[in-house]
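**Q** This is data-v7.txt, which holds compact mmCIF, C-alpha atoms and all ligand atoms:
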# COMPACT_ATOMS: atom_id res chain seq x y z
CA MET A 1070 15.62 -10.33 0.61
CA ARG A 1071 12.54 -8.22 1.02
CA LYS A 1072 12.73 -4.45 1.23
CA ASN A 1073 11.38 -2.19 3.92
CA ILE A 1074 8.94 0.36 2.54
CA VAL A 1075 7.16 3.41 3.91
CA ALA A 1076 4.43 4.57 1.53
CA GLY A 1077 2.25 7.63 2.00
CA ASN A 1078 -1.31 7.57 0.73
CA TRP A 1079 -2.41 11.19 0.44
CA LYS A 1080 -5.98 10.24 -0.57
CA MET A 1081 -8.02 13.25 -1.84
CA ASN A 1082 -5.77 15.85 -0.22
CA ASN A 1083 -3.38 18.52 -1.56
CA ASN A 1084 -3.84 20.60 -4.69
CA THR A 1085 -0.89 21.08 -7.05
CA THR A 1086 0.64 23.94 -5.05
CA GLN A 1087 0.31 21.96 -1.83
CA THR A 1088 1.68 18.83 -3.51
CA LYS A 1089 4.84 20.61 -4.59
CA ALA A 1090 5.23 22.28 -1.19
CA LEU A 1091 4.86 19.02 0.73
CA ILE A 1092 7.35 17.28 -1.55
CA ASN A 1093 9.84 20.09 -1.01
CA ASP A 1094 9.35 19.89 2.76
CA LEU A 1095 9.82 16.14 2.63
CA LYS A 1096 12.95 16.38 0.49
CA GLY A 1097 14.38 18.89 2.96
CA ALA A 1098 13.55 16.68 5.93
CA LEU A 1099 14.96 13.56 4.26
CA GLU A 1100 18.26 15.27 3.46
CA LYS A 1101 18.94 15.46 7.19
CA VAL A 1102 18.35 11.77 7.86
CA SER A 1103 19.22 8.50 6.21
CA ALA A 1104 16.23 6.51 5.04
CA ASN A 1105 16.73 2.77 5.53
CA CYS A 1106 13.68 1.97 3.43
CA ARG A 1107 12.03 2.79 0.14
CA VAL A 1108 9.92 5.93 0.40
CA LEU A 1109 6.80 6.40 -1.71
CA ILE A 1110 4.13 9.07 -1.87
CA SER A 1111 0.76 8.77 -3.58
CA PRO A 1112 -0.74 12.10 -4.60
CA THR A 1113 -4.07 12.40 -6.43
CA SER A 1114 -3.97 11.52 -10.13
CA ILE A 1115 -4.14 15.16 -11.26
CA ASN A 1116 -0.90 15.82 -9.37
CA LEU A 1117 1.12 12.78 -10.41
CA THR A 1118 2.98 14.59 -13.19
CA SER A 1119 3.99 17.46 -10.88
CA ALA A 1120 4.98 14.98 -8.20
CA VAL A 1121 7.19 12.96 -10.55
CA GLU A 1122 8.86 16.21 -11.64
CA ALA A 1123 9.28 17.50 -8.08
CA THR A 1124 10.76 14.26 -6.74
CA LYS A 1125 13.37 13.88 -9.52
CA GLY A 1126 16.84 13.32 -8.09
CA SER A 1127 15.48 12.40 -4.66
CA VAL A 1128 14.85 9.02 -3.03
CA ILE A 1129 11.10 9.61 -3.14
CA GLU A 1130 9.11 7.42 -5.54
CA VAL A 1131 5.62 8.31 -6.74
CA SER A 1132 2.72 5.89 -6.83
CA ALA A 1133 -0.88 6.24 -7.95
CA GLN A 1134 -3.88 5.61 -5.70
CA ASN A 1135 -5.88 3.74 -8.32
CA MET A 1136 -6.26 2.96 -12.03
CA HIS A 1137 -8.90 1.47 -14.30
CA GLN A 1138 -8.82 -2.17 -15.36
CA ALA A 1139 -9.32 -1.45 -19.07
CA THR A 1140 -6.40 -0.37 -21.21
CA SER A 1141 -8.35 2.48 -22.84
CA GLY A 1142 -11.84 3.37 -24.04
CA ALA A 1143 -15.15 4.83 -23.00
CA TYR A 1144 -14.67 5.03 -19.23
CA THR A 1145 -15.40 8.64 -18.39
CA GLY A 1146 -13.32 9.98 -15.55
CA GLU A 1147 -10.88 7.08 -15.34
CA ILE A 1148 -7.13 6.77 -15.88
CA SER A 1149 -5.25 3.83 -17.37
CA ALA A 1150 -2.10 1.92 -16.50
CA ASN A 1151 -0.41 3.22 -19.64
CA MET A 1152 -1.18 6.81 -18.61
CA LEU A 1153 0.55 6.17 -15.27
CA GLN A 1154 3.61 4.70 -16.96
CA ASP A 1155 3.68 7.55 -19.44
CA VAL A 1156 4.06 10.19 -16.70
CA GLY A 1157 6.75 8.18 -14.93
CA VAL A 1158 4.68 6.43 -12.26
CA LYS A 1159 5.87 2.88 -11.60
CA THR A 1160 3.64 1.80 -8.71
CA VAL A 1161 -0.11 1.75 -8.08
CA ILE A 1162 -2.11 1.12 -4.92
CA LEU A 1163 -4.99 -1.29 -5.61
CA GLY A 1164 -7.74 -2.59 -3.36
CA HIS A 1165 -7.66 0.13 -0.73
CA SER A 1166 -10.63 -0.30 1.63
CA GLU A 1167 -12.00 3.11 0.61
CA ARG A 1168 -12.06 1.95 -3.02
CA ARG A 1169 -13.73 -1.30 -1.95
CA THR A 1170 -16.31 0.45 0.26
CA PHE A 1171 -17.14 3.66 -1.63
CA PHE A 1172 -16.50 2.58 -5.21
CA GLY A 1173 -17.66 -1.02 -5.17
CA GLU A 1174 -14.31 -2.64 -5.98
CA ASP A 1175 -14.73 -6.35 -5.43
CA ASP A 1176 -12.40 -9.31 -5.93
CA THR A 1177 -13.44 -9.73 -9.57
CA MET A 1178 -12.71 -6.11 -10.43
CA LEU A 1179 -9.48 -6.20 -8.44
CA THR A 1180 -8.33 -9.28 -10.30
CA GLU A 1181 -8.83 -7.37 -13.55
CA LYS A 1182 -7.01 -4.33 -12.21
CA VAL A 1183 -4.10 -6.39 -10.90
CA THR A 1184 -3.81 -8.21 -14.23
CA THR A 1185 -3.81 -4.97 -16.22
CA ALA A 1186 -1.28 -3.34 -13.89
CA LEU A 1187 1.07 -6.32 -14.21
CA GLU A 1188 0.70 -6.40 -18.00
CA ASN A 1189 1.81 -2.78 -17.98
CA ASN A 1190 4.81 -3.46 -15.73
CA LEU A 1191 3.46 -1.55 -12.78
CA GLU A 1192 4.34 -2.56 -9.24
CA ILE A 1193 1.23 -3.07 -7.11
CA ILE A 1194 0.66 -2.26 -3.46
CA PHE A 1195 -2.27 -4.60 -2.87
CA CYS A 1196 -4.43 -3.62 0.13
CA PHE A 1197 -6.79 -5.81 2.10
CA GLY A 1198 -8.01 -6.17 5.67
CA GLU A 1199 -10.97 -7.07 7.81
CA LEU A 1200 -13.84 -4.96 9.16
CA LEU A 1201 -14.30 -4.48 12.89
CA GLU A 1202 -17.23 -6.93 12.89
CA ASP A 1203 -14.99 -9.57 11.30
CA ARG A 1204 -12.43 -9.20 14.06
CA LYS A 1205 -15.09 -9.19 16.78
CA SER A 1206 -16.57 -12.39 15.39
CA ASP A 1207 -13.08 -13.92 15.15
CA ASN A 1208 -13.43 -14.13 11.39
CA HIS A 1209 -10.48 -11.87 10.49
CA PHE A 1210 -8.15 -14.65 9.31
CA ASN A 1211 -10.84 -16.08 7.03
CA VAL A 1212 -11.62 -12.67 5.52
CA VAL A 1213 -7.97 -11.90 4.82
CA GLU A 1214 -7.38 -15.37 3.39
CA SER A 1215 -10.26 -15.04 0.96
CA GLN A 1216 -9.27 -11.49 -0.09
CA LEU A 1217 -5.81 -12.82 -0.95
CA LYS A 1218 -6.85 -16.16 -2.47
CA ASN A 1219 -9.42 -14.52 -4.74
CA VAL A 1220 -6.91 -12.11 -6.24
CA VAL A 1221 -3.14 -12.18 -5.73
CA LEU A 1222 -2.68 -15.78 -4.57
CA ALA A 1223 -4.19 -16.85 -7.90
CA LEU A 1224 -1.33 -15.21 -9.83
CA ASN A 1225 1.70 -16.97 -11.31
CA ALA A 1226 4.78 -16.89 -9.11
CA SER A 1227 6.56 -14.68 -11.66
CA ALA A 1228 4.07 -11.86 -10.97
CA TRP A 1229 5.20 -11.56 -7.37
CA LYS A 1230 8.32 -9.55 -8.06
CA ASN A 1231 5.86 -6.71 -8.64
CA ILE A 1232 3.58 -7.30 -5.65
CA VAL A 1233 3.75 -5.60 -2.27
CA LEU A 1234 1.07 -6.53 0.26
CA ALA A 1235 -0.54 -4.02 2.62
CA TYR A 1236 -2.59 -5.38 5.50
CA GLU A 1237 -4.92 -2.64 6.63
CA PRO A 1238 -7.55 -3.57 9.20
CA VAL A 1239 -10.44 -1.29 8.24
CA TRP A 1240 -11.19 -0.50 11.90
CA ALA A 1241 -7.73 1.07 12.22
CA ILE A 1242 -7.82 3.29 9.12
CA GLY A 1243 -8.16 6.96 10.00
CA THR A 1244 -9.62 6.11 13.39
CA GLY A 1245 -6.59 6.72 15.59
CA GLU A 1246 -6.94 3.12 16.70
CA THR A 1247 -3.98 0.94 15.68
CA ALA A 1248 -3.65 -2.81 15.69
CA SER A 1249 -1.24 -3.68 18.47
CA PRO A 1250 2.23 -4.70 17.27
CA GLU A 1251 1.31 -8.25 18.34
CA GLN A 1252 -1.94 -8.22 16.36
CA ALA A 1253 -0.06 -6.91 13.32
CA GLN A 1254 2.69 -9.54 13.65
CA GLU A 1255 0.16 -12.33 14.13
CA MET A 1256 -1.66 -11.38 10.93
CA HIS A 1257 1.49 -10.70 8.93
CA ALA A 1258 2.92 -14.10 9.87
CA PHE A 1259 -0.38 -15.67 8.79
CA ILE A 1260 -0.21 -13.81 5.46
CA ARG A 1261 3.39 -14.82 4.83
CA GLY A 1262 2.37 -18.39 5.63
CA LEU A 1263 -0.34 -18.24 2.96
CA VAL A 1264 2.17 -16.99 0.40
CA GLU A 1265 4.61 -19.72 1.44
CA ALA A 1266 1.94 -22.43 1.16
CA THR A 1267 1.20 -21.31 -2.39
CA TYR A 1268 4.64 -20.42 -3.75
CA GLY A 1269 7.24 -21.69 -1.30
CA LYS A 1270 9.52 -20.20 1.31
CA ILE A 1271 11.90 -18.20 -0.88
CA LEU A 1272 9.16 -16.20 -2.56
CA ALA A 1273 7.34 -15.70 0.77
CA ASN A 1274 10.51 -14.35 2.37
CA ASN A 1275 10.96 -11.89 -0.47
CA VAL A 1276 7.50 -10.30 -0.26
CA SER A 1277 7.22 -7.02 1.61
CA ILE A 1278 4.13 -6.93 3.82
CA LEU A 1279 3.17 -3.44 4.99
CA TYR A 1280 0.88 -2.56 7.86
CA GLY A 1281 -1.59 0.31 7.50
CA GLY A 1282 -3.96 1.95 9.94
CA SER A 1283 -3.17 4.98 12.11
CA VAL A 1284 0.61 4.58 11.99
CA LYS A 1285 2.30 7.61 13.55
CA PRO A 1286 5.86 8.51 14.57
CA ALA A 1287 4.96 7.46 18.13
CA ASN A 1288 3.98 3.88 17.25
CA ALA A 1289 5.91 3.18 14.03
CA GLN A 1290 9.08 1.85 15.60
CA GLU A 1291 7.30 -0.76 17.70
CA ILE A 1292 5.15 -1.95 14.82
CA PHE A 1293 8.06 -2.01 12.34
CA SER A 1294 10.22 -3.93 14.80
CA LYS A 1295 8.03 -7.00 14.31
CA GLU A 1296 9.60 -9.70 12.21
CA ASP A 1297 6.97 -9.91 9.49
CA VAL A 1298 6.14 -6.20 9.30
CA ASP A 1299 8.18 -4.68 6.49
CA GLY A 1300 6.90 -1.14 6.66
CA GLY A 1301 3.71 0.87 6.50
CA LEU A 1302 1.08 2.41 4.30
CA ILE A 1303 0.46 5.76 5.91
CA GLY A 1304 -2.60 7.98 5.46
CA GLY A 1305 -3.04 10.95 7.79
CA ALA A 1306 0.54 11.10 9.04
CA SER A 1307 1.92 11.22 5.48
CA LEU A 1308 0.37 14.66 4.98
CA ASN A 1309 2.96 16.29 7.21
CA ALA A 1310 6.67 16.12 6.33
CA THR A 1311 7.83 15.98 9.95
CA ASP A 1312 5.48 13.14 10.90
CA PHE A 1313 6.16 11.18 7.71
CA THR A 1314 9.90 11.55 8.19
CA GLY A 1315 9.47 10.44 11.80
CA ILE A 1316 7.87 7.23 10.51
CA ILE A 1317 10.53 6.72 7.82
CA THR A 1318 13.29 7.00 10.39
CA ALA A 1319 11.62 4.39 12.56
CA PHE A 1320 13.68 1.95 10.47
P1 LIG B 1 -4.36 6.22 8.18
O1 LIG B 1 -4.70 5.63 6.72
O2 LIG B 1 -2.87 6.14 8.36
O3 LIG B 1 -4.86 7.65 8.13
O4 LIG B 1 -5.10 5.39 9.17
C1 LIG B 1 -4.04 4.49 6.25
C2 LIG B 1 -4.54 4.16 4.87
O5 LIG B 1 -5.71 4.39 4.56
O6 LIG B 1 -3.78 3.65 4.04
Using structure tokens, write down the structure that the file contains.

**A**
Amino acid sequence: MRKNIVAGNWKMNNNTTQTKALINDLKGALEKVSANCRVLISPTSINLTSAVEATKGSVIEVSAQNMHQATSGAYTGEISANMLQDVGVKTVILGHSERRTFFGEDDTMLTEKVTTALENNLEIIFCFGELLEDRKSDNHFNVVESQLKNVVLALNASAWKNIVLAYEPVWAIGTGETASPEQAQEMHAFIRGLVEATYGKILANNVSILYGGSVKPANAQEIFSKEDVDGGLIGGASLNATDFTGIITAF
């Protein structure tokens, strides 16, 4: 059966000192509660090694925010899947809307990244979601379907044990505006239906589908209570141990 997951995406925040401090705060806060879900944090690449070290012995897993599609070579400034594995990182976020928007990551590039990540035994949190104009024009289901069909729905079924989906409507990311629990459920059920149509019911039931976009302690419980919402990808509220723990304990 699928797992519940709360994953923090720290984006370009926290230097090494701050990374260690936030992990310590989070470990302290998590000792006082019982987490009924997997807990991940995603610091910047320069802080992954420190984060893996600082989270040792705790329930907190460390994921990367990105990686390059090539295995090695002349790609100045990039990091590879093998480098992530080598420092003890087992999960990578791919396809975040900020990567798509600011760094030109399209379906072709994401297919290459997903393939490389899988070849290197990394778990993938695959992000996708529609723009506000897509929702306003009632095109959101089509956009999400094509983002999935062009990349992860083209994979072999065996790849899916390493795939987590994260539906993040772009209009809800960092805006304070959240999809309503009903809007999230409607889309998540649609997504699970697409997975089922391609691979069958058992696989579809085993895939965790996270919601992302302005999740906070105040709205997490209602969103996570929806049948097809298996957790969240959290930006802003993951930068504070109390808020992030408040979201984790929503399960
Ligand atoms: P947010 O970001 O929680 O700050 O809206 C979510 C994300 O970008 O994954």

**Q** Can I get the residues of chain A within 8 Å of ligand LIG 1 (chain B), each with the closest pair of atoms and their distance in Å to one decimal, using only C-alpha atoms and all ligand atoms, sorted chain first then ascending number, as a tab-separated table?

**A**
residue	atom	partner	partner_atom	distance
A:Gly1077	CA	B:LIG1	O6	7.5
A:Asn1078	CA	B:LIG1	O6	5.7
A:Lys1080	CA	B:LIG1	O5	7.8
A:His1165	CA	B:LIG1	O5	7.1
A:Ser1166	CA	B:LIG1	O5	7.4
A:Glu1167	CA	B:LIG1	O5	7.5
A:Glu1237	CA	B:LIG1	O6	6.9
A:Ala1241	CA	B:LIG1	O4	5.9
A:Ile1242	CA	B:LIG1	O4	3.4
A:Gly1243	CA	B:LIG1	O4	3.5
A:Thr1244	CA	B:LIG1	O4	6.2
A:Gly1245	CA	B:LIG1	O4	6.7
A:Thr1247	CA	B:LIG1	O4	8.0
A:Gly1281	CA	B:LIG1	C1	5.0
A:Gly1282	CA	B:LIG1	O4	3.7
A:Ser1283	CA	B:LIG1	O4	3.5
A:Val1284	CA	B:LIG1	O2	5.3
A:Lys1285	CA	B:LIG1	O2	7.5
A:Leu1302	CA	B:LIG1	O6	5.0
A:Ile1303	CA	B:LIG1	O2	4.2
A:Gly1304	CA	B:LIG1	O1	3.4
A:Gly1305	CA	B:LIG1	O3	3.8
A:Ala1306	CA	B:LIG1	O2	6.1
A:Ser1307	CA	B:LIG1	O2	7.6

**Q** Just the selected residues (C-alpha atoms), exported as a PDB file, in the frame of the given file, please.

**A**
ATOM      1  CA  GLY A1077       2.250   7.630   2.000  1.00  0.00           C
ATOM      2  CA  ASN A1078      -1.310   7.570   0.730  1.00  0.00           C
ATOM      3  CA  LYS A1080      -5.980  10.240  -0.570  1.00  0.00           C
ATOM      4  CA  HIS A1165      -7.660   0.130  -0.730  1.00  0.00           C
ATOM      5  CA  SER A1166     -10.630  -0.300   1.630  1.00  0.00           C
ATOM      6  CA  GLU A1167     -12.000   3.110   0.610  1.00  0.00           C
ATOM      7  CA  GLU A1237      -4.920  -2.640   6.630  1.00  0.00           C
ATOM      8  CA  ALA A1241      -7.730   1.070  12.220  1.00  0.00           C
ATOM      9  CA  ILE A1242      -7.820   3.290   9.120  1.00  0.00           C
ATOM     10  CA  GLY A1243      -8.160   6.960  10.000  1.00  0.00           C
ATOM     11  CA  THR A1244      -9.620   6.110  13.390  1.00  0.00           C
ATOM     12  CA  GLY A1245      -6.590   6.720  15.590  1.00  0.00           C
ATOM     13  CA  THR A1247      -3.980   0.940  15.680  1.00  0.00           C
ATOM     14  CA  GLY A1281      -1.590   0.310   7.500  1.00  0.00           C
ATOM     15  CA  GLY A1282      -3.960   1.950   9.940  1.00  0.00           C
ATOM     16  CA  SER A1283      -3.170   4.980  12.110  1.00  0.00           C
ATOM     17  CA  VAL A1284       0.610   4.580  11.990  1.00  0.00           C
ATOM     18  CA  LYS A1285       2.300   7.610  13.550  1.00  0.00           C
ATOM     19  CA  LEU A1302       1.080   2.410   4.300  1.00  0.00           C
ATOM     20  CA  ILE A1303       0.460   5.760   5.910  1.00  0.00           C
ATOM     21  CA  GLY A1304      -2.600   7.980   5.460  1.00  0.00           C
ATOM     22  CA  GLY A1305      -3.040  10.950   7.790  1.00  0.00           C
ATOM     23  CA  ALA A1306       0.540  11.100   9.040  1.00  0.00           C
ATOM     24  CA  SER A1307       1.920  11.220   5.480  1.00  0.00           C
TER      25      SER A1307
END

**Q** For A:Ile1271, please output as a list in words all residues within 9 Å (counting all atoms listed in the file; exclusion window: fewer than 4 positions along the same chain).

**A**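 The residues that qualify are Met1070, Glu1265 and Asn1275 of chain A.
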
**Q** So how far away is atom CA of A:Leu1201 from atom CA of A:Met1178, in Å?

**A**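 Separation of atom CA of A:Met1178 and atom CA of A:Leu1201: 23.4 Å.
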
**Q** Between A:Asn1189, A:Asn1105, A:Thr1180, A:Gln1252, single out the one closest to A:Asp1297, counting only C-alpha atoms.

**A** A:Gln1252

**Q** Can I get the residues of stretch 1141-1231 of chain A within 10 Å of stretch 1128-1136 of chain A, each with the closest pair of atoms and their distance in Å to one decimal, using all atoms listed in the file, sorted chain first then ascending number, as JSON lines?

**A**
{"residue": "A:Glu1147", "atom": "CA", "partner": "A:Met1136", "partner_atom": "CA", "distance": 7.0}
{"residue": "A:Ile1148", "atom": "CA", "partner": "A:Met1136", "partner_atom": "CA", "distance": 5.5}
{"residue": "A:Ser1149", "atom": "CA", "partner": "A:Met1136", "partner_atom": "CA", "distance": 5.5}
{"residue": "A:Ala1150", "atom": "CA", "partner": "A:Met1136", "partner_atom": "CA", "distance": 6.2}
{"residue": "A:Asn1151", "atom": "CA", "partner": "A:Met1136", "partner_atom": "CA", "distance": 9.6}
{"residue": "A:Met1152", "atom": "CA", "partner": "A:Met1136", "partner_atom": "CA", "distance": 9.2}
{"residue": "A:Leu1153", "atom": "CA", "partner": "A:Ala1133", "partner_atom": "CA", "distance": 7.5}
{"residue": "A:Gly1157", "atom": "CA", "partner": "A:Val1131", "partner_atom": "CA", "distance": 8.3}
{"residue": "A:Val1158", "atom": "CA", "partner": "A:Ser1132", "partner_atom": "CA", "distance": 5.8}
{"residue": "A:Lys1159", "atom": "CA", "partner": "A:Ser1132", "partner_atom": "CA", "distance": 6.5}
{"residue": "A:Thr1160", "atom": "CA", "partner": "A:Ser1132", "partner_atom": "CA", "distance": 4.6}
{"residue": "A:Val1161", "atom": "CA", "partner": "A:Ala1133", "partner_atom": "CA", "distance": 4.6}
{"residue": "A:Ile1162", "atom": "CA", "partner": "A:Gln1134", "partner_atom": "CA", "distance": 4.9}
{"residue": "A:Leu1163", "atom": "CA", "partner": "A:Asn1135", "partner_atom": "CA", "distance": 5.8}
{"residue": "A:Gly1164", "atom": "CA", "partner": "A:Asn1135", "partner_atom": "CA", "distance": 8.3}
{"residue": "A:His1165", "atom": "CA", "partner": "A:Gln1134", "partner_atom": "CA", "distance": 8.3}
{"residue": "A:Arg1168", "atom": "CA", "partner": "A:Asn1135", "partner_atom": "CA", "distance": 8.3}
{"residue": "A:Lys1182", "atom": "CA", "partner": "A:Met1136", "partner_atom": "CA", "distance": 7.3}
{"residue": "A:Val1183", "atom": "CA", "partner": "A:Met1136", "partner_atom": "CA", "distance": 9.7}
{"residue": "A:Thr1185", "atom": "CA", "partner": "A:Met1136", "partner_atom": "CA", "distance": 9.3}
{"residue": "A:Ala1186", "atom": "CA", "partner": "A:Met1136", "partner_atom": "CA", "distance": 8.2}
{"residue": "A:Leu1191", "atom": "CA", "partner": "A:Ser1132", "partner_atom": "CA", "distance": 9.6}
{"residue": "A:Glu1192", "atom": "CA", "partner": "A:Ser1132", "partner_atom": "CA", "distance": 8.9}
{"residue": "A:Ile1193", "atom": "CA", "partner": "A:Ser1132", "partner_atom": "CA", "distance": 9.1}
{"residue": "A:Ile1194", "atom": "CA", "partner": "A:Ser1132", "partner_atom": "CA", "distance": 9.1}

**Q** Between atom CA of A:Ala1253 and atom CA of A:Ala1289, what is the distance in Å, rounded to a tenth?

**A**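 Value for the atom CA of A:Ala1253-atom CA of A:Ala1289 distance: 11.7 Å.
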
**Q** For a test of reading the model, state the distance in Å between atom CA of A:Asp1203 and atom CA of A:Asn1219, rounded to one decimal.

**A** 17.7 Å

**Q** Residues near A:Leu1263, anyone? I mean within 10 Å using all atoms listed in the file, not counting same-chain ones fewer than 3 positions away, as a list in words.

**A**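 Once the adjacent positions are removed, what remains is Glu1214, Leu1217, Lys1218, Leu1222, His1257, Ala1258, Phe1259, Ile1260, Ala1266, Thr1267, Tyr1268, Gly1269 and Ala1273 of chain A.
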
**Q** Select, from A:Asp1207, A:Leu1308, A:Cys1196, A:Ala1143, the residue with the minimum atom-to-atom distance to A:Leu1279, counting only C-alpha atoms.

**A** A:Cys1196

**Q** Ranking A:Phe1313, A:Tyr1236, A:Phe1320, A:Tyr1144 by minimum distance to A:Leu1109 and counting only C-alpha atoms, which one comes first?

**A** A:Phe1313

**Q** Measuring between all atoms listed in the file, which one of A:Glu1296, A:Glu1174, A:Glu1199, A:Asp1155 shows the shortest distance to A:Arg1071?

**A** A:Glu1296

**Q** Tell me, as a JSON list (two decimals) with C-alpha atoms, keeping the file's coordinate frame, which residues lie within 9 Å of A:Glu1181, counting only C-alpha atoms; anything in the same chain fewer than 3 positions away does not count.

**A**
[["chain", "number", "residue", "atom", "x", "y", "z"],
["A", 1137, "HIS", "CA", -8.90, 1.47, -14.30],
["A", 1138, "GLN", "CA", -8.82, -2.17, -15.36],
["A", 1139, "ALA", "CA", -9.32, -1.45, -19.07],
["A", 1176, "ASP", "CA", -12.40, -9.31, -5.93],
["A", 1177, "THR", "CA", -13.44, -9.73, -9.57],
["A", 1178, "MET", "CA", -12.71, -6.11, -10.43],
["A", 1184, "THR", "CA", -3.81, -8.21, -14.23],
["A", 1185, "THR", "CA", -3.81, -4.97, -16.22],
["A", 1186, "ALA", "CA", -1.28, -3.34, -13.89],
["A", 1220, "VAL", "CA", -6.91, -12.11, -6.24]]

**Q** My list of candidates is A:Leu1272, A:Ile1278, A:Val1213, A:Ala1076. Which is closest to A:Val1233 when distances are computed with only C-alpha atoms?

**A** A:Ile1278

**Q** Considering only C-alpha atoms, state which residue in the set A:Ile1232, A:Val1156, A:Val1298, A:Met1256 is at the smallest distance from A:Gly1198.

**A**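 Result for the nearest residue to A:Gly1198: A:Met1256.
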